[in-house]
Amino acid sequence: MEVDELKERAMKWVLGEIAFSPDLSNSLRTWRERFGIGQAELAKRLGITPSVISDYESGRRKSPGLPMIRKIVEAFFAIDEERGNVMLKSLSHLFKGRFSSNVVLEIKEYSKPIEAREIVEAVKGEVFANEDLLGQKIFGHTVIDSIQAILSLSPDEFRYLYGLSTERALAFTQVSTGRSPMVAVKVIGITPSLIVLHGSLKQPDELAIRIAQTLRIPLVVSRLSTTEDLIKAFRGLK
């Protein structure tokens with residue numbers, strides 16, 4: 001797929017996500033944050049004041065119409081292009097049919113960010129590293145069959161497991177020690193905000209814990225009984 005076609009499809013998708021969101025103000029703010037764009041930078045690009053952006057995102061101002069939302073989304077992608085299309089590359093997996101269902105069991109972006117500790121509670125998790133970081137914001141999650149991922153994904157493909165943002169939870173199923181998923185995360189060099197391990201392990205091995213500590217990633221073992229229970233718990237997050 002050509003870059004221009006990919007960009008057009010991605011813009012339409014983001015536009016729809018915002019325009020049809022039940023909480024449009026919050027969706028505008030969340031997408032701006034996902035693109036890593038400040039209110040002042042966005043306002044300058046649009047030729048308006050930062051207070052207008054703030055009012056849209058807080059709901060103090062009447063919701064912008066579709067033409068204005070389109071301009072905002074176009075500004076997101078214009079700024080992203082100047083930064084090397086970082087976000088566009090993250091979105092590309094949504095339009096390329098990259099992963100089979102036996103690798104990615106669940107992937108979701110949240111309508112608004114939640115704290116990592118909420119995920120830990122939902123999956124009945126026990127924390128083994130960096131509990132002090134559970135207050136950080138999470139924008140989505142990906143549940144991965146660790147065995148299938150290790151057997152079938154290249155390093156470049158592994159990067160796309162992050163979805164729209166690295167500020168997300170990665171959950172690995174069928175885990176026995178936790179070493180392989182943590183080594184993969186370290187080698188790839190892109191760190192999520194939370195890692196959940198699920199499987200036969202009672203606790204991660206020492207190397208997995210050390211990697212998590214070095215990378216400053218909260219490392220959690222879910223005590224839910226089955227993979228189906230884990231996916232159900234993640235699906236319950238908003």
# chains A, B, ... in the order shown; residues from 1 in each chain; ligands from 1
>>> select_by_dssp(residues="stretch 184-232 of chain A", states="alpha helix (DSSP H)", output="list in words")
Ala184, Val185, Lys186, Val187, Ile188, Glu206, Leu207, Ala208, Ile209, Arg210, Ile211, Ala212, Gln213, Thr214, Leu215, Thr227, Glu228, Asp229, Leu230, Ile231 and Lys232 of chain A
>>> write_last_selection(atoms="C-alpha atoms", output="compact mmCIF listing (two decimals), in the first residue's frame")
# COMPACT_ATOMS: atom_id res chain seq x y z
CA ALA A 184 11.99 -9.95 22.89
CA VAL A 185 10.87 -6.61 24.32
CA LYS A 186 14.45 -5.70 25.20
CA VAL A 187 15.82 -6.69 21.79
CA ILE A 188 13.13 -4.80 19.87
CA GLU A 206 15.10 -13.58 37.61
CA LEU A 207 16.24 -12.47 34.15
CA ALA A 208 12.69 -11.39 33.20
CA ILE A 209 12.43 -9.35 36.39
CA ARG A 210 15.85 -7.76 35.88
CA ILE A 211 14.96 -6.74 32.33
CA ALA A 212 11.72 -5.18 33.55
CA GLN A 213 13.59 -3.31 36.27
CA THR A 214 16.20 -2.06 33.82
CA LEU A 215 13.61 -0.89 31.30
CA THR A 227 -6.78 -17.23 28.47
CA GLU A 228 -10.49 -16.67 27.88
CA ASP A 229 -10.80 -15.15 31.36
CA LEU A 230 -7.84 -12.88 30.63
CA ILE A 231 -9.31 -11.64 27.34
CA LYS A 232 -12.69 -11.11 29.00
>>> residues_around(residues="stretch 35-45 of chain A", least_positions_apart="6", cutoff="8 Å", atoms="only C-alpha atoms", output="list in words")
Val52, Ile53, Ser54, Ile72, Ala75, Phe76, Asp80 and Met87 of chain A
>>> write_last_selection(atoms="C-alpha atoms", output="tab-separated table (two decimals), in the first residue's frame")
chain	number	residue	atom	x	y	z
A	52	VAL	CA	-10.12	27.24	21.80
A	53	ILE	CA	-8.49	23.79	21.73
A	54	SER	CA	-8.74	23.63	25.51
A	72	ILE	CA	-7.85	19.03	13.28
A	75	ALA	CA	-3.24	18.92	11.29
A	76	PHE	CA	-2.44	15.80	13.33
A	80	ASP	CA	3.21	13.66	12.20
A	87	MET	CA	2.03	7.67	14.15
>>> residues_around(residues="A:Leu194", least_positions_apart="3", cutoff="8 Å", atoms="only C-alpha atoms", output="number ranges by chain")
A: 116, 168-170, 217-220
>>> write_last_selection(atoms="C-alpha atoms", output="CSV table (one decimal), in the first residue's frame")
chain,number,residue,atom,x,y,z
A,116,ALA,CA,-2.0,0.9,34.8
A,168,ARG,CA,-0.2,0.5,26.4
A,169,ALA,CA,-0.3,-2.9,28.1
A,170,LEU,CA,1.1,-5.9,26.4
A,217,ILE,CA,8.3,-1.5,33.0
A,218,PRO,CA,5.8,-2.7,35.6
A,219,LEU,CA,5.8,-6.5,35.3
A,220,VAL,CA,2.7,-8.4,36.4
>>> residues_around(residues="A:Val14", least_positions_apart="4", cutoff="12 Å", atoms="only C-alpha atoms", output="PyMOL selection string")
chain A and resi 7-10+18-21+27-28+30-32+34-35+69-77+87-88+91+94+109+164
>>> write_last_selection(atoms="N, CA and C atoms", output="short mmCIF file (atom, residue, chain, number, x, y, z; two decimals), in the first residue's frame")
data_model
loop_
_atom_site.label_atom_id
_atom_site.label_comp_id
_atom_site.auth_asym_id
_atom_site.auth_seq_id
_atom_site.Cartn_x
_atom_site.Cartn_y
_atom_site.Cartn_z
N LYS A 7 -2.11 6.94 4.25
CA LYS A 7 -2.41 8.15 5.01
C LYS A 7 -3.88 8.53 4.88
N GLU A 8 -4.42 8.43 3.68
CA GLU A 8 -5.81 8.77 3.45
C GLU A 8 -6.74 7.85 4.25
N ARG A 9 -6.44 6.58 4.24
CA ARG A 9 -7.27 5.63 4.99
C ARG A 9 -7.15 5.86 6.49
N ALA A 10 -5.94 6.13 6.93
CA ALA A 10 -5.72 6.37 8.35
C ALA A 10 -6.44 7.63 8.82
N ILE A 18 -13.15 9.93 16.09
CA ILE A 18 -13.45 11.14 16.85
C ILE A 18 -14.91 11.57 16.64
N ALA A 19 -15.30 11.67 15.38
CA ALA A 19 -16.62 12.22 15.06
C ALA A 19 -17.76 11.39 15.65
N PHE A 20 -17.58 10.07 15.72
CA PHE A 20 -18.65 9.20 16.19
C PHE A 20 -18.44 8.72 17.62
N SER A 21 -17.48 9.32 18.29
CA SER A 21 -17.24 8.96 19.69
C SER A 21 -18.39 9.45 20.57
N SER A 27 -12.34 12.38 23.23
CA SER A 27 -11.70 11.71 22.10
C SER A 27 -10.71 12.64 21.40
N LEU A 28 -11.08 13.90 21.25
CA LEU A 28 -10.16 14.88 20.66
C LEU A 28 -8.88 14.97 21.47
N THR A 30 -7.64 12.78 23.64
CA THR A 30 -6.91 11.51 23.63
C THR A 30 -6.11 11.35 22.34
N TRP A 31 -6.73 11.66 21.20
CA TRP A 31 -6.01 11.51 19.94
C TRP A 31 -4.88 12.53 19.81
N ARG A 32 -5.10 13.74 20.30
CA ARG A 32 -4.00 14.72 20.27
C ARG A 32 -2.81 14.20 21.09
N ARG A 34 -2.13 11.06 21.76
CA ARG A 34 -1.54 9.92 21.07
C ARG A 34 -0.56 10.37 20.01
N PHE A 35 -0.88 11.46 19.34
CA PHE A 35 0.03 12.00 18.33
C PHE A 35 1.19 12.76 18.95
N ILE A 69 -13.42 19.28 12.74
CA ILE A 69 -12.77 18.03 13.17
C ILE A 69 -11.84 17.53 12.07
N ARG A 70 -12.29 17.66 10.81
CA ARG A 70 -11.45 17.24 9.68
C ARG A 70 -10.16 18.06 9.65
N LYS A 71 -10.25 19.37 9.87
CA LYS A 71 -9.05 20.21 9.88
C LYS A 71 -8.10 19.79 11.01
N ILE A 72 -8.67 19.46 12.15
CA ILE A 72 -7.85 19.03 13.28
C ILE A 72 -7.11 17.74 12.95
N VAL A 73 -7.83 16.79 12.37
CA VAL A 73 -7.20 15.51 12.01
C VAL A 73 -6.13 15.71 10.94
N GLU A 74 -6.41 16.56 9.97
CA GLU A 74 -5.41 16.86 8.94
C GLU A 74 -4.16 17.48 9.57
N ALA A 75 -4.37 18.31 10.58
CA ALA A 75 -3.24 18.92 11.29
C ALA A 75 -2.44 17.85 12.04
N PHE A 76 -3.13 16.91 12.66
CA PHE A 76 -2.44 15.80 13.33
C PHE A 76 -1.46 15.12 12.37
N PHE A 77 -1.97 14.77 11.19
CA PHE A 77 -1.16 14.00 10.25
C PHE A 77 -0.08 14.87 9.58
N MET A 87 3.36 8.17 13.82
CA MET A 87 2.03 7.67 14.15
C MET A 87 1.43 6.91 12.97
N LEU A 88 1.67 7.40 11.76
CA LEU A 88 1.14 6.72 10.57
C LEU A 88 1.69 5.30 10.50
N LEU A 91 -0.15 3.14 12.86
CA LEU A 91 -1.51 2.83 12.41
C LEU A 91 -1.55 1.85 11.25
N LEU A 94 -3.32 -1.63 10.98
CA LEU A 94 -4.78 -1.72 10.95
C LEU A 94 -5.32 -1.91 9.54
N GLU A 109 -7.97 0.04 21.59
CA GLU A 109 -7.58 1.39 22.01
C GLU A 109 -8.70 1.92 22.91
N LEU A 164 -1.48 1.59 18.44
CA LEU A 164 -1.37 3.01 18.14
C LEU A 164 -0.34 3.72 19.00
#
>>> residues_around(residues="A:Lys137", least_positions_apart="3", cutoff="10 Å", atoms="only C-alpha atoms", output="list of chain:residue names")
A:Lys112, A:Pro113, A:Ile114, A:Glu115, A:Ala116, A:Arg117, A:Glu118, A:Leu133, A:Leu134, A:Gly140, A:Glu167, A:Arg168, A:Ala169, A:Ser193, A:Leu194
>>> write_last_selection(atoms="N, CA and C atoms", output="JSON list (two decimals), in the first residue's frame")
[["chain", "number", "residue", "atom", "x", "y", "z"],
["A", 112, "LYS", "N", -10.57, 6.70, 26.55],
["A", 112, "LYS", "CA", -9.79, 7.64, 27.35],
["A", 112, "LYS", "C", -8.75, 6.84, 28.13],
["A", 113, "PRO", "N", -7.60, 7.44, 28.43],
["A", 113, "PRO", "CA", -6.54, 6.67, 29.10],
["A", 113, "PRO", "C", -6.95, 6.26, 30.51],
["A", 114, "ILE", "N", -6.43, 5.11, 30.95],
["A", 114, "ILE", "CA", -6.68, 4.65, 32.30],
["A", 114, "ILE", "C", -5.33, 4.39, 32.98],
["A", 115, "GLU", "N", -5.34, 4.28, 34.30],
["A", 115, "GLU", "CA", -4.11, 4.01, 35.01],
["A", 115, "GLU", "C", -3.75, 2.53, 34.93],
["A", 116, "ALA", "N", -2.46, 2.25, 34.93],
["A", 116, "ALA", "CA", -1.99, 0.87, 34.85],
["A", 116, "ALA", "C", -2.54, 0.03, 35.99],
["A", 117, "ARG", "N", -2.71, 0.63, 37.16],
["A", 117, "ARG", "CA", -3.20, -0.14, 38.32],
["A", 117, "ARG", "C", -4.62, -0.68, 38.09],
["A", 118, "GLU", "N", -5.41, 0.00, 37.25],
["A", 118, "GLU", "CA", -6.75, -0.50, 36.94],
["A", 118, "GLU", "C", -6.68, -1.80, 36.16],
["A", 133, "LEU", "N", 5.28, 2.53, 39.34],
["A", 133, "LEU", "CA", 4.91, 3.14, 38.06],
["A", 133, "LEU", "C", 3.47, 2.83, 37.65],
["A", 134, "LEU", "N", 2.69, 2.26, 38.54],
["A", 134, "LEU", "CA", 1.33, 1.85, 38.18],
["A", 134, "LEU", "C", 0.36, 3.02, 38.05],
["A", 140, "GLY", "N", -4.21, 1.73, 25.65],
["A", 140, "GLY", "CA", -4.77, 0.57, 24.97],
["A", 140, "GLY", "C", -4.05, -0.69, 25.40],
["A", 167, "GLU", "N", 2.35, 3.50, 24.79],
["A", 167, "GLU", "CA", 1.78, 3.71, 26.12],
["A", 167, "GLU", "C", 0.58, 2.78, 26.30],
["A", 168, "ARG", "N", 0.87, 1.49, 26.34],
["A", 168, "ARG", "CA", -0.17, 0.49, 26.38],
["A", 168, "ARG", "C", 0.30, -0.71, 27.18],
["A", 169, "ALA", "N", -0.63, -1.61, 27.43],
["A", 169, "ALA", "CA", -0.31, -2.86, 28.10],
["A", 169, "ALA", "C", -0.13, -3.96, 27.06],
["A", 193, "SER", "N", 4.09, 0.35, 28.46],
["A", 193, "SER", "CA", 3.94, 0.92, 29.80],
["A", 193, "SER", "C", 3.59, -0.12, 30.85],
["A", 194, "LEU", "N", 3.22, -1.33, 30.41],
["A", 194, "LEU", "CA", 2.87, -2.40, 31.34],
["A", 194, "LEU", "C", 2.96, -3.73, 30.60]]
>>> residues_around(residues="A:Glu106", least_positions_apart="2", cutoff="8 Å", atoms="only C-alpha atoms", output="list in words")
Val104, Lys108, His141, Thr142, Val143, Ile144 and Ile231 of chain A
>>> atom_distance(atom1="atom CA of A:Ser200", atom2="atom CA of A:Arg216")
24.3 Å
>>> atom_distance(atom1="atom CA of A:Met182", atom2="atom CA of A:Ser225")
21.8 Å
>>> closest_residue(among="A:Val183, A:Val127, A:Ala122, A:Val103", to="A:Ser146", atoms="only C-alpha atoms")
A:Val103
>>> select_by_dssp(residues="stretch 19-222 of chain A", states="strand (DSSP E)", output="number ranges by chain")
A: 104-115, 125-129, 137-145, 169-175, 194-199, 219-222
